[in-house]
Structures are given as C-alpha cells and as structure tokens.
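Next comes target.cif, a file with mmCIF, C-alpha atoms.
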data_structure
loop_
_atom_site.group_PDB
_atom_site.id
_atom_site.type_symbol
_atom_site.label_atom_id
_atom_site.label_comp_id
_atom_site.auth_asym_id
_atom_site.auth_seq_id
_atom_site.Cartn_x
_atom_site.Cartn_y
_atom_site.Cartn_z
ATOM 1 C CA MET S 1233 -11.857 -3.402 1.778
ATOM 2 C CA HIS S 1234 -8.610 -3.509 3.720
ATOM 3 C CA PHE S 1235 -7.674 0.125 2.919
ATOM 4 C CA ARG S 1236 -8.670 1.260 6.418
ATOM 5 C CA ALA S 1237 -6.091 -1.117 7.892
ATOM 6 C CA ILE S 1238 -3.397 0.206 5.543
ATOM 7 C CA ARG S 1239 -4.394 3.797 6.359
ATOM 8 C CA ASN S 1240 -4.278 3.205 10.114
ATOM 9 C CA TRP S 1241 -0.841 1.641 9.926
ATOM 10 C CA SER S 1242 0.343 4.417 7.613
ATOM 11 C CA LEU S 1243 -0.534 6.880 10.351
ATOM 12 C CA THR S 1244 1.243 4.680 12.900
ATOM 13 C CA LEU S 1245 4.383 4.667 10.768
ATOM 14 C CA LEU S 1246 4.304 8.396 10.201
ATOM 15 C CA THR S 1247 3.901 8.968 13.930
ATOM 16 C CA LEU S 1248 6.761 6.545 14.536
ATOM 17 C CA ALA S 1249 9.008 8.556 12.216
ATOM 18 C CA ILE S 1250 8.452 11.633 14.357
ATOM 19 C CA THR S 1251 8.923 9.583 17.535
ATOM 20 C CA PHE S 1252 12.266 8.292 16.278
ATOM 21 C CA GLY S 1253 13.334 11.753 15.229
ATOM 22 C CA CYS S 1254 13.818 10.719 11.595
ATOM 23 C CA ASN S 1255 11.127 12.902 10.102
ATOM 24 C CA ASN S 1256 11.854 16.203 8.419
ATOM 25 C CA GLY S 1257 9.741 17.975 11.009
ATOM 26 C CA SER S 1258 6.542 18.300 9.033
ATOM 27 C CA THR S 1259 3.444 16.702 10.483
ATOM 28 C CA PRO S 1260 1.616 14.423 8.039
ATOM 29 C CA SER S 1261 -1.942 15.331 7.229
ATOM 30 C CA GLU S 1262 -4.401 12.632 8.253
ATOM 31 C CA GLU S 1263 -6.814 14.054 5.700
ATOM 32 C CA LEU S 1264 -4.595 12.677 2.945
ATOM 33 C CA LEU S 1265 -4.953 9.172 4.331
ATOM 34 C CA GLU S 1266 -8.645 9.165 5.229
ATOM 35 C CA SER S 1267 -11.183 7.408 3.051
ATOM 36 C CA ASP S 1268 -14.917 6.998 2.645
ATOM 37 C CA THR S 1269 -15.359 3.682 4.394
ATOM 38 C CA SER S 1270 -17.938 2.143 6.650
ATOM 39 C CA GLU S 1271 -17.337 1.390 10.290
ATOM 40 C CA ASN S 1272 -16.226 -2.167 9.574
ATOM 41 C CA GLY S 1273 -13.647 -0.941 7.092
ATOM 42 C CA SER S 1274 -15.323 -2.075 3.891
ATOM 43 C CA VAL S 1275 -15.816 0.054 0.812
ATOM 44 C CA GLU S 1276 -19.123 1.853 0.576
ATOM 45 C CA SER S 1277 -19.739 1.875 -3.168
ATOM 46 C CA GLU S 1278 -22.300 0.934 -5.715
ATOM 47 C CA ILE S 1279 -21.467 -1.355 -8.621
ATOM 48 C CA PRO S 1280 -19.437 0.809 -11.014
ATOM 49 C CA SER S 1281 -21.396 1.992 -14.029
ATOM 50 C CA GLN S 1282 -20.377 -0.025 -17.082
ATOM 51 C CA ALA S 1283 -20.973 3.072 -19.201
ATOM 52 C CA LEU S 1284 -18.368 4.970 -17.190
ATOM 53 C CA LEU S 1285 -15.930 2.077 -17.037
ATOM 54 C CA SER S 1286 -16.148 1.416 -20.751
ATOM 55 C CA GLU S 1287 -15.371 5.038 -21.639
ATOM 56 C CA ASP S 1288 -11.594 5.105 -21.428
ATOM 57 C CA ARG S 1289 -10.253 8.637 -21.328
ATOM 58 C CA SER S 1290 -6.867 7.786 -19.897
ATOM 59 C CA ARG S 1291 -3.837 9.409 -21.499
ATOM 60 C CA THR S 1292 -0.535 8.457 -23.031
ATOM 61 C CA THR S 1293 2.711 8.600 -21.086
ATOM 62 C CA ALA S 1294 3.729 11.784 -22.915
ATOM 63 C CA GLU S 1295 0.460 13.468 -22.001
ATOM 64 C CA TYR S 1296 0.879 12.631 -18.306
ATOM 65 C CA ILE S 1297 4.433 14.006 -18.400
ATOM 66 C CA ASP S 1298 3.109 17.189 -20.035
ATOM 67 C CA ALA S 1299 0.727 17.480 -17.057
ATOM 68 C CA GLY S 1300 3.699 17.369 -14.660
ATOM 69 C CA MET S 1301 4.122 13.637 -13.993
ATOM 70 C CA PRO S 1302 7.728 12.488 -13.445
ATOM 71 C CA SER S 1303 9.074 10.329 -16.253
ATOM 72 C CA PRO S 1304 8.346 6.630 -15.665
ATOM 73 C CA GLU S 1305 11.653 5.771 -17.323
ATOM 74 C CA ARG S 1306 13.707 6.624 -14.238
ATOM 75 C CA THR S 1307 13.691 5.603 -10.587
ATOM 76 C CA TRP S 1308 11.313 7.622 -8.422
ATOM 77 C CA THR S 1309 11.859 8.865 -4.875
ATOM 78 C CA GLY S 1310 9.229 9.741 -2.302
ATOM 79 C CA ASN S 1311 9.200 13.320 -3.600
ATOM 80 C CA ASP S 1312 8.531 12.052 -7.124
ATOM 81 C CA LEU S 1313 5.594 9.946 -5.961
ATOM 82 C CA ALA S 1314 4.247 12.918 -4.003
ATOM 83 C CA ARG S 1315 4.520 14.986 -7.178
ATOM 84 C CA ALA S 1316 2.674 12.268 -9.080
ATOM 85 C CA ALA S 1317 -0.053 12.299 -6.413
ATOM 86 C CA ASN S 1318 -0.545 16.030 -6.891
ATOM 87 C CA VAL S 1319 -0.732 15.635 -10.684
ATOM 88 C CA LEU S 1320 -3.313 12.865 -10.350
ATOM 89 C CA SER S 1321 -5.351 15.010 -7.957
ATOM 90 C CA SER S 1322 -5.439 17.791 -10.553
ATOM 91 C CA ILE S 1323 -6.406 15.346 -13.300
ATOM 92 C CA TYR S 1324 -9.170 13.911 -11.148
ATOM 93 C CA GLN S 1325 -10.658 17.360 -10.583
ATOM 94 C CA THR S 1326 -11.064 17.969 -14.324
ATOM 95 C CA ASN S 1327 -11.498 14.468 -15.754
ATOM 96 C CA PRO S 1328 -11.640 11.535 -13.302
ATOM 97 C CA GLN S 1329 -11.878 9.055 -16.193
ATOM 98 C CA ALA S 1330 -8.357 10.110 -17.192
ATOM 99 C CA LEU S 1331 -6.702 8.476 -14.158
ATOM 100 C CA PRO S 1332 -4.060 5.899 -15.185
ATOM 101 C CA LYS S 1333 -5.370 2.325 -15.091
ATOM 102 C CA PHE S 1334 -3.850 -1.081 -14.490
ATOM 103 C CA GLN S 1335 -2.630 -2.789 -17.699
ATOM 104 C CA ASN S 1336 -4.292 -0.125 -19.841
ATOM 105 C CA ASP S 1337 -3.012 0.214 -23.423
ATOM 106 C CA LYS S 1338 -2.449 3.964 -23.054
ATOM 107 C CA SER S 1339 -1.932 4.627 -19.333
ATOM 108 C CA GLY S 1340 -0.665 1.261 -18.108
ATOM 109 C CA GLU S 1341 3.001 2.317 -18.169
ATOM 110 C CA VAL S 1342 2.362 5.278 -15.865
ATOM 111 C CA PHE S 1343 0.144 3.272 -13.522
ATOM 112 C CA ALA S 1344 2.798 0.541 -13.306
ATOM 113 C CA LYS S 1345 5.359 3.160 -12.298
ATOM 114 C CA LEU S 1346 3.167 4.380 -9.434
ATOM 115 C CA VAL S 1347 3.455 0.962 -7.786
ATOM 116 C CA SER S 1348 6.814 -0.207 -9.132
ATOM 117 C CA ALA S 1349 9.180 -2.067 -6.821
ATOM 118 C CA GLU S 1350 11.949 0.017 -8.409
ATOM 119 C CA ASN S 1351 10.668 2.951 -6.355
ATOM 120 C CA LEU S 1352 12.056 1.173 -3.290
ATOM 121 C CA GLU S 1353 15.608 0.709 -4.590
ATOM 122 C CA PHE S 1354 16.703 4.043 -3.106
ATOM 123 C CA HIS S 1355 16.054 2.744 0.402
ATOM 124 C CA HIS S 1356 18.405 -0.227 0.049
ATOM 125 C CA ASN S 1357 21.372 1.991 -0.810
ATOM 126 C CA ALA S 1358 23.485 1.708 2.325
ATOM 127 C CA SER S 1359 25.816 4.453 1.070
ATOM 128 C CA LEU S 1360 23.065 6.997 1.752
ATOM 129 C CA PRO S 1361 22.399 8.321 5.280
ATOM 130 C CA LEU S 1362 19.875 6.184 7.146
ATOM 131 C CA PRO S 1363 17.615 9.125 8.188
ATOM 132 C CA GLN S 1364 17.404 10.200 4.546
ATOM 133 C CA ARG S 1365 16.306 6.727 3.476
ATOM 134 C CA ILE S 1366 13.742 6.482 6.276
ATOM 135 C CA ASN S 1367 12.292 9.909 5.508
ATOM 136 C CA ASP S 1368 11.931 9.038 1.841
ATOM 137 C CA ALA S 1369 10.237 5.715 2.632
ATOM 138 C CA PHE S 1370 7.692 7.507 4.806
ATOM 139 C CA ALA S 1371 7.150 10.016 1.988
ATOM 140 C CA LEU S 1372 6.434 7.133 -0.384
ATOM 141 C CA LEU S 1373 3.938 5.616 2.021
ATOM 142 C CA GLN S 1374 2.140 8.917 2.543
ATOM 143 C CA ALA S 1375 1.977 9.593 -1.204
ATOM 144 C CA ILE S 1376 0.598 6.164 -2.070
ATOM 145 C CA GLY S 1377 -1.979 6.650 0.695
ATOM 146 C CA GLN S 1378 -3.065 9.902 -0.956
ATOM 147 C CA ILE S 1379 -3.267 8.211 -4.371
ATOM 148 C CA THR S 1380 -5.203 5.263 -2.978
ATOM 149 C CA LYS S 1381 -7.727 7.620 -1.403
ATOM 150 C CA LEU S 1382 -8.138 9.374 -4.745
ATOM 151 C CA TYR S 1383 -8.778 6.097 -6.547
ATOM 152 C CA LEU S 1384 -11.161 4.979 -3.809
ATOM 153 C CA THR S 1385 -13.254 8.085 -4.421
ATOM 154 C CA ALA S 1386 -13.125 7.411 -8.163
ATOM 155 C CA HIS S 1387 -14.180 3.795 -7.544
ATOM 156 C CA ASN S 1388 -17.145 4.922 -5.471
ATOM 157 C CA GLN S 1389 -18.198 7.120 -8.384
ATOM 158 C CA GLY S 1390 -17.822 4.327 -10.928
ATOM 159 C CA TYR S 1391 -14.694 5.516 -12.744
ATOM 160 C CA VAL S 1392 -12.291 2.669 -11.864
ATOM 161 C CA GLU S 1393 -12.588 -0.998 -10.928
ATOM 162 C CA GLY S 1394 -10.957 -2.991 -8.127
ATOM 163 C CA SER S 1395 -7.810 -4.102 -9.947
ATOM 164 C CA GLU S 1396 -5.922 -0.919 -9.138
ATOM 165 C CA PHE S 1397 -6.414 -1.397 -5.388
ATOM 166 C CA VAL S 1398 -4.602 -4.733 -5.431
ATOM 167 C CA GLU S 1399 -1.580 -3.011 -6.932
ATOM 168 C CA PHE S 1400 -1.724 -0.216 -4.362
ATOM 169 C CA ALA S 1401 -1.984 -2.789 -1.577
ATOM 170 C CA GLY S 1402 0.952 -4.747 -2.965
ATOM 171 C CA PHE S 1403 3.108 -1.635 -3.131
ATOM 172 C CA GLN S 1404 2.149 -0.627 0.389
ATOM 173 C CA LEU S 1405 2.985 -4.105 1.693
ATOM 174 C CA ARG S 1406 6.380 -3.875 0.006
ATOM 175 C CA THR S 1407 6.895 -0.405 1.445
ATOM 176 C CA VAL S 1408 6.084 -1.413 5.002
ATOM 177 C CA VAL S 1409 8.575 -4.279 4.686
ATOM 178 C CA VAL S 1410 11.251 -1.786 3.624
ATOM 179 C CA ILE S 1411 10.340 0.569 6.467
ATOM 180 C CA SER S 1412 10.454 -2.307 8.948
ATOM 181 C CA GLU S 1413 13.947 -3.189 7.719
ATOM 182 C CA LEU S 1414 15.038 0.439 8.016
ATOM 183 C CA VAL S 1415 13.652 0.638 11.544
ATOM 184 C CA ASP S 1416 15.550 -2.565 12.392
ATOM 185 C CA GLU S 1417 18.673 -0.820 11.131
ATOM 186 C CA PHE S 1418 17.891 2.358 13.047
ATOM 187 C CA VAL S 1419 17.032 0.922 16.484
ATOM 188 C CA PRO S 1420 20.603 -0.233 17.334
ATOM 189 C CA THR S 1421 21.796 3.341 16.823
ATOM 190 C CA LEU S 1422 19.572 4.607 19.640
ATOM 191 C CA ASP S 1423 21.093 5.455 23.009
ATOM 192 C CA ALA S 1424 19.508 3.324 25.741
ATOM 193 C CA ASN S 1425 20.340 6.108 28.222
ATOM 194 C CA ASP S 1426 18.374 8.676 26.237
ATOM 195 C CA PRO S 1427 15.317 9.852 28.263
ATOM 196 C CA ASP S 1428 13.161 9.246 25.165
ATOM 197 C CA TYR S 1429 14.390 5.695 24.641
ATOM 198 C CA GLY S 1430 11.395 4.103 26.384
ATOM 199 C CA VAL S 1431 8.939 6.158 24.336
ATOM 200 C CA ARG S 1432 10.678 5.122 21.142
ATOM 201 C CA MET S 1433 10.492 1.472 22.088
ATOM 202 C CA GLN S 1434 6.784 1.874 22.760
ATOM 203 C CA GLY S 1435 6.489 3.332 19.275
ATOM 204 C CA LEU S 1436 8.198 0.247 17.915
ATOM 205 C CA GLU S 1437 5.671 -2.009 19.633
ATOM 206 C CA GLN S 1438 2.863 0.132 18.241
ATOM 207 C CA MET S 1439 4.301 -0.384 14.762
ATOM 208 C CA ARG S 1440 4.375 -4.154 15.249
ATOM 209 C CA SER S 1441 0.770 -4.115 16.386
ATOM 210 C CA GLY S 1442 -0.103 -2.090 13.314
ATOM 211 C CA LEU S 1443 1.601 -4.663 11.125
ATOM 212 C CA ALA S 1444 -0.808 -7.285 12.420
ATOM 213 C CA THR S 1445 -3.725 -5.041 11.464
ATOM 214 C CA VAL S 1446 -2.349 -4.685 7.928
ATOM 215 C CA VAL S 1447 -1.989 -8.446 7.580
ATOM 216 C CA ALA S 1448 -5.505 -9.099 8.864
ATOM 217 C CA GLY S 1449 -6.935 -6.516 6.481
ATOM 218 C CA SER S 1450 -5.014 -7.918 3.525
ATOM 219 C CA LEU S 1451 -6.376 -11.397 4.230
ATOM 220 C CA LEU S 1452 -9.864 -9.946 4.529
ATOM 221 C CA SER S 1453 -9.595 -8.560 1.001
ATOM 222 C CA LEU S 1454 -9.383 -12.132 -0.319
ATOM 223 C CA THR S 1455 -13.018 -12.645 0.688
ATOM 224 C CA GLU S 1456 -14.334 -9.478 -0.983
ATOM 225 C CA THR S 1457 -15.723 -10.994 -4.154
ATOM 226 C CA SER S 1458 -17.913 -7.951 -4.866
ATOM 227 C CA VAL S 1459 -14.832 -5.727 -5.196
ATOM 228 C CA TYR S 1460 -12.148 -8.018 -6.617
ATOM 229 C CA ALA S 1461 -12.228 -10.542 -9.458
ATOM 230 C CA VAL S 1462 -10.562 -13.918 -8.941
ATOM 231 C CA GLU S 1463 -7.448 -12.857 -10.850
ATOM 232 C CA ASP S 1464 -7.188 -9.734 -8.656
ATOM 233 C CA ARG S 1465 -7.297 -11.816 -5.491
ATOM 234 C CA ARG S 1466 -4.688 -14.184 -6.900
ATOM 235 C CA ARG S 1467 -2.373 -11.216 -7.390
ATOM 236 C CA MET S 1468 -3.092 -10.205 -3.792
ATOM 237 C CA ILE S 1469 -1.942 -13.641 -2.681
ATOM 238 C CA ASP S 1470 1.217 -13.190 -4.773
ATOM 239 C CA TYR S 1471 1.985 -9.973 -2.886
ATOM 240 C CA LEU S 1472 1.288 -11.662 0.441
ATOM 241 C CA SER S 1473 3.536 -14.562 -0.550
ATOM 242 C CA GLU S 1474 6.311 -12.062 -1.253
ATOM 243 C CA THR S 1475 5.941 -9.955 1.893
ATOM 244 C CA LEU S 1476 4.488 -12.162 4.655
ATOM 245 C CA PRO S 1477 7.731 -14.132 5.148
ATOM 246 C CA GLU S 1478 9.318 -10.797 6.097
ATOM 247 C CA ILE S 1479 6.369 -9.484 8.097
ATOM 248 C CA LEU S 1480 5.345 -12.577 10.060
ATOM 249 C CA PRO S 1481 8.548 -12.818 12.175
ATOM 250 C CA ARG S 1482 7.992 -9.221 13.266
ATOM 251 C CA LEU S 1483 4.562 -9.973 14.736
ATOM 252 C CA SER S 1484 3.896 -11.062 18.306
ATOM 253 C CA SER S 1485 3.459 -14.762 18.940
ATOM 254 C CA ALA S 1486 -0.317 -14.394 19.278
ATOM 255 C CA ASN S 1487 -0.602 -12.382 16.069
ATOM 256 C CA ARG S 1488 1.531 -14.880 14.163
ATOM 257 C CA GLN S 1489 -0.700 -17.684 15.376
ATOM 258 C CA GLU S 1490 -3.841 -15.783 14.410
ATOM 259 C CA THR S 1491 -2.475 -15.160 10.904
ATOM 260 C CA LEU S 1492 -1.684 -18.834 10.329
ATOM 261 C CA VAL S 1493 -5.085 -19.917 11.660
ATOM 262 C CA ARG S 1494 -6.826 -17.387 9.431
ATOM 263 C CA LEU S 1495 -4.913 -18.634 6.385
ATOM 264 C CA LYS S 1496 -6.003 -22.186 7.160
ATOM 265 C CA GLU S 1497 -9.621 -21.040 7.450
ATOM 266 C CA LEU S 1498 -9.428 -19.265 4.101
ATOM 267 C CA ALA S 1499 -7.873 -22.275 2.396
ATOM 268 C CA ASN S 1500 -10.747 -24.426 3.670
ATOM 269 C CA ASP S 1501 -13.474 -21.909 2.859
ATOM 270 C CA PRO S 1502 -15.795 -23.461 0.221
ATOM 271 C CA SER S 1503 -16.463 -20.021 -1.273
ATOM 272 C CA LEU S 1504 -12.735 -19.563 -1.963
ATOM 273 C CA GLN S 1505 -12.016 -22.871 -3.696
ATOM 274 C CA ASP S 1506 -10.723 -21.024 -6.765
ATOM 275 C CA LEU S 1507 -7.931 -19.706 -4.535
ATOM 276 C CA LYS S 1508 -7.230 -22.914 -2.620
ATOM 277 C CA PRO S 1509 -4.019 -23.889 -4.513
ATOM 278 C CA GLU S 1510 -2.506 -20.441 -3.969
ATOM 279 C CA LEU S 1511 -3.602 -20.261 -0.319
ATOM 280 C CA THR S 1512 -2.241 -23.741 0.361
ATOM 281 C CA ALA S 1513 1.076 -22.791 -1.232
ATOM 282 C CA LEU S 1514 1.213 -19.651 0.924
ATOM 283 C CA GLN S 1515 0.590 -21.720 4.056
ATOM 284 C CA SER S 1516 3.429 -24.046 3.135
ATOM 285 C CA LYS S 1517 5.771 -21.138 2.483
ATOM 286 C CA LEU S 1518 5.081 -19.646 5.903
ATOM 287 C CA LYS S 1519 5.674 -22.929 7.686
#
Do you think you could lay out the structure here as structure tokens?
Amino acid sequence: MHFRAIRNWSLTLLTLAITFGCNNGSTPSEELLESDTSENGSVESEIPSQALLSEDRSRTTAEYIDAGMPSPERTWTGNDLARAANVLSSIYQTNPQALPKFQNDKSGEVFAKLVSAENLEFHHNASLPLPQRINDAFALLQAIGQITKLYLTAHNQGYVEGSEFVEFAGFQLRTVVVISELVDEFVPTLDANDPDYGVRMQGLEQMRSGLATVVAGSLLSLTETSVYAVEDRRRMIDYLSETLPEILPRLSSANRQETLVRLKELANDPSLQDLKPELTALQSKLK
C-alpha cells in the first residue's frame, strides 16, 4: 500500500514547516505517522474476517458528537481534525468495529467529513495570515496521518476494508496540493540575505522530491488488487486526475518523465484492463 510514501512525505512537510519557521514550535511525533508495513511499503495483513466486517457497530452522527467529535455540519480546521483523531483513537480502544466507515448508512456522514474537501477552504482565505494557514494545513496533514494509521491497524485486524484508505489518500493528495500552493506563496516572502535562506531552499527541494514519492506510491496502489476493489481504484484515479495536474509541474524533469512513463505502463498492463479507460483519460489530461 502507498501509505508509507504518504507518511514519509508527511514527515518531510512537517520538517519543512519548522525549517521555514511557520510551525507553532511543537515537534511532530513520528509515532503518530508510523504504520505496520513491510519493507517494500505494502500492507502486512490477512484477508479481513467476513464475520468481523459484516458486524457493523458504527454509530450515528449524534452518537459520535456525544463522544466528542466536532459537528460535521460545519467547516473543520486542523485542530478539529486533530480532535476527531483523538475521539477515534478512544473509540478504537473500546470498540474498533465502531469506527466510521465509507458510505455507511449510520456513520457515512462522519467519515465523509473526515476527508471532506471543505476542510481545506480555510487555507484559501487570503484574508488570514499566511503562517496561520500553513500551520493549520500541517495540522490537518498530521491528523489525517494519525487517523490513517489507526484505520490501518483496524484493517490488519479485520475490522475495516480498503475503501476507507482511498478516501484518506485522496484527502492527503488534496492537502499536499494546498500545502504546495501555500509554500509557493510563502517562498517569495523570504529574505535571500537571511543566513538560513539556503537551508530553506534545500528544504523546498526535499519537499519536491517527497512529492515524487507520493505520486509513485499512489500509482502503485492501482496495482494492489488484494487490498482495493476495482471501484476503489477508480476513485483513486479520480483523485489523481484532480491533483496530478497541480503536482506534476512541481516535480523535477526526471520525476515528471518517470510518472508519465509509469502511467503509460499501467494503461497497457493486461491485469489492469478494467482501469484502462480511466488511465488513458488521465494520460491525456496530463499531456
């Protein structure tokens, strides 16, 4: 699974925030972003137990709010998503089958809010100070990393399927696009005569390298038929179609070329013929 790539770039971004001096001073905990993965970055899990998956103990929106979840009927900030992560951690400790699930009759509204694009509206508000928007975007990314780790553990134990991970990946891709745009806005404000300017520019290059890792990992997920159903992988392509046009120009020439070559390989892969129309359309969009 491509979560290791997302995690590694999350750490890169959080380090970059400190490098740029936009962080609130607290050092992010790597433990929150670590996951139980193999050396090649794929999920180490058995096939989820159908008995566990079929026993839906998820809750209603009101019940999640009673447990401390922010209301899904308003826009969330990074602090709200961090609060949601803590609530979900508590729920997991007592009843892991009660985690919100994708398109679930009872918990689908809350799950949808966890990964809603509306959570990123705050960061496009130019009337707010740029450091405040950057800090909040990093808080979002750290919180969704914590939630993804929680769901990965639940998946390994047979409590959730792969659909939720596609939504987490899509939200993270959207978030890194927003952070990239905020960094683009922040860099011109830096003083080239500042002694730390060179270090900050190195941090920027590290971020761009990390972006390439995220893209490669996201494309890898399209081949993971044991984790994702066809409809899940089609949604992954939808998220890539939305975000890659913004990400690709930020990659180095070699990494852009590699991405386009990899897309061509996937489109021509006989085992991925069910995805060929979507992959071909994505290729055309990137050209």
Using all atoms listed in the file, can you tell me which of S:Gly1394, S:Pro1332, S:Gly1430, S:Gly1310 comes closest to Ala1375 of chain S?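 When distances to Ala1375 of chain S are compared using all atoms listed in the file, the smallest one comes from S:Gly1310.
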Set the distance at 10 Å and use all atoms listed in the file: which residues neighbour Phe1343 of chain S once local chain neighbours fewer than 4 positions away are removed? I'd like the list as a PyMOL selection string. chain S and resi 1293+1304+1331-1336+1338-1339+1347-1348+1396+1399-1400
Atomic separation - atom CA of Lys1517 of chain S relative to atom CA of Leu1372 of chain S, Å: 28.4 Å
One-decimal distance in Å that lies between atom CA of Val1410 of chain S and atom CA of Ala1513 of chain S: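 Value for the atom CA of Ala1513 of chain S-atom CA of Val1410 of chain S distance: 23.8 Å.
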Can you work out which one of S:Ile1379, S:Ala1444, S:Ala1330, S:Val1409 has the shortest atom-to-atom distance to Thr1475 of chain S, counting only C-alpha atoms? S:Val1409
Quick one: pull the distance between atom CA of Tyr1471 of chain S and atom CA of Ser1453 of chain S, Å, one decimal.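 We find that atom CA of Tyr1471 of chain S and atom CA of Ser1453 of chain S lie 12.3 Å from each other.
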Pick out the closest residue to His1355 of chain S from this set: S:Gln1404, S:Asn1500, S:Gln1329, S:Asn1367. Count all atoms listed in the file. S:Asn1367
Near-segment 1461-1469 of chain S list (6 Å; all atoms listed in the file; drop same-chain fewer than 2 positions) as a PyMOL selection string: chain S and resi 1395+1398+1454+1471-1473
Using C-alpha atoms, can you export the residues from the last selection as a PDB file, in the frame of the given file?
ATOM      1  CA  SER S1395      -7.810  -4.102  -9.947  1.00  0.00           C
ATOM      2  CA  VAL S1398      -4.602  -4.733  -5.431  1.00  0.00           C
ATOM      3  CA  LEU S1454      -9.383 -12.132  -0.319  1.00  0.00           C
ATOM      4  CA  TYR S1471       1.985  -9.973  -2.886  1.00  0.00           C
ATOM      5  CA  LEU S1472       1.288 -11.662   0.441  1.00  0.00           C
ATOM      6  CA  SER S1473       3.536 -14.562  -0.550  1.00  0.00           C
TER       7      SER S1473
END
Could you spell out the hits of the PyMOL selection byres ((chain S and resi 1366) around 9) on the shown file, as a list in words?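 Here the PyMOL selection byres ((chain S and resi 1366) around 9) matches Ala1249, Cys1254, Asn1255, His1355, Pro1361, Leu1362, Pro1363, Gln1364, Arg1365, Asn1367, Asp1368, Ala1369, Phe1370, Ala1371, Ile1411, Leu1414, Val1415 and Phe1418 of chain S.
For segment 1479-1495 of chain S, the set of protein, DNA and RNA residues having any atom at most 8 Å away, when counting all atoms listed in the file and skipping those fewer than 3 positions along the same chain, is Val1409, Arg1440, Ser1441, Leu1443, Ala1444, Val1447, Ala1448, Leu1451, Thr1475, Leu1476, Leu1498, Ala1499, Leu1511 and Gln1515 of chain S.
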Go ahead and write the residues just picked, C-alpha atoms, as a tab-separated table (two decimals), in the coordinates of the input.
chain	number	residue	atom	x	y	z
S	1409	VAL	CA	8.57	-4.28	4.69
S	1440	ARG	CA	4.38	-4.15	15.25
S	1441	SER	CA	0.77	-4.12	16.39
S	1443	LEU	CA	1.60	-4.66	11.12
S	1444	ALA	CA	-0.81	-7.28	12.42
S	1447	VAL	CA	-1.99	-8.45	7.58
S	1448	ALA	CA	-5.50	-9.10	8.86
S	1451	LEU	CA	-6.38	-11.40	4.23
S	1475	THR	CA	5.94	-9.96	1.89
S	1476	LEU	CA	4.49	-12.16	4.66
S	1498	LEU	CA	-9.43	-19.26	4.10
S	1499	ALA	CA	-7.87	-22.28	2.40
S	1511	LEU	CA	-3.60	-20.26	-0.32
S	1515	GLN	CA	0.59	-21.72	4.06
With 3 Å on each side, where is the centre of the axis-aligned box around all listed atoms of segment 1441-1447 of chain S, and how long are its edges in Å to one decimal, as JSON?
{"center_x": -1.1, "center_y": -5.3, "center_z": 12.0, "size_x": 11.3, "size_y": 12.4, "size_z": 14.8}
Between S:Val1446, S:Ala1317, S:Ala1349, S:Leu1360, which one has atoms that come closest to Pro1302 of chain S, using all atoms listed in the file?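 Of the candidates, the smallest distance to Pro1302 of chain S is held by S:Ala1317.
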When the PyMOL selection byres ((chain S and resi 1292) around 9) is applied to the structure above, which residues does it catch, written out as a list in words?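 Against this file, the PyMOL selection byres ((chain S and resi 1292) around 9) returns the residues Ser1290, Arg1291, Thr1293, Ala1294, Glu1295, Tyr1296, Ile1297, Pro1332, Asp1337, Lys1338, Ser1339, Gly1340, Glu1341 and Val1342 of chain S.
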Taking (11.7, -0.7, -12.2) in the file's coordinates as the center, which residues reach within 9 Å of it, counting all atoms listed in the file, put as a PDB file with C-alpha atoms, in the coordinates of the input?
ATOM      1  CA  PRO S1304       8.346   6.630 -15.665  1.00  0.00           C
ATOM      2  CA  GLU S1305      11.653   5.771 -17.323  1.00  0.00           C
ATOM      3  CA  ARG S1306      13.707   6.624 -14.238  1.00  0.00           C
ATOM      4  CA  THR S1307      13.691   5.603 -10.587  1.00  0.00           C
ATOM      5  CA  LYS S1345       5.359   3.160 -12.298  1.00  0.00           C
ATOM      6  CA  SER S1348       6.814  -0.207  -9.132  1.00  0.00           C
ATOM      7  CA  ALA S1349       9.180  -2.067  -6.821  1.00  0.00           C
ATOM      8  CA  GLU S1350      11.949   0.017  -8.409  1.00  0.00           C
ATOM      9  CA  ASN S1351      10.668   2.951  -6.355  1.00  0.00           C
ATOM     10  CA  GLU S1353      15.608   0.709  -4.590  1.00  0.00           C
TER      11      GLU S1353
END
Selection in question (the file shown): the PyMOL selection byres ((chain S and resi 1327) around 12). Which residues does it include, as a ChimeraX atom specification? /S:1284,1287-1291,1319-1326,1328-1332,1386,1391
Output file for the selection above: C-alpha atoms, as a tab-separated table (two decimals), keeping the file's coordinate frame:
chain	number	residue	atom	x	y	z
S	1284	LEU	CA	-18.37	4.97	-17.19
S	1287	GLU	CA	-15.37	5.04	-21.64
S	1288	ASP	CA	-11.59	5.11	-21.43
S	1289	ARG	CA	-10.25	8.64	-21.33
S	1290	SER	CA	-6.87	7.79	-19.90
S	1291	ARG	CA	-3.84	9.41	-21.50
S	1319	VAL	CA	-0.73	15.64	-10.68
S	1320	LEU	CA	-3.31	12.86	-10.35
S	1321	SER	CA	-5.35	15.01	-7.96
S	1322	SER	CA	-5.44	17.79	-10.55
S	1323	ILE	CA	-6.41	15.35	-13.30
S	1324	TYR	CA	-9.17	13.91	-11.15
S	1325	GLN	CA	-10.66	17.36	-10.58
S	1326	THR	CA	-11.06	17.97	-14.32
S	1328	PRO	CA	-11.64	11.54	-13.30
S	1329	GLN	CA	-11.88	9.06	-16.19
S	1330	ALA	CA	-8.36	10.11	-17.19
S	1331	LEU	CA	-6.70	8.48	-14.16
S	1332	PRO	CA	-4.06	5.90	-15.18
S	1386	ALA	CA	-13.12	7.41	-8.16
S	1391	TYR	CA	-14.69	5.52	-12.74
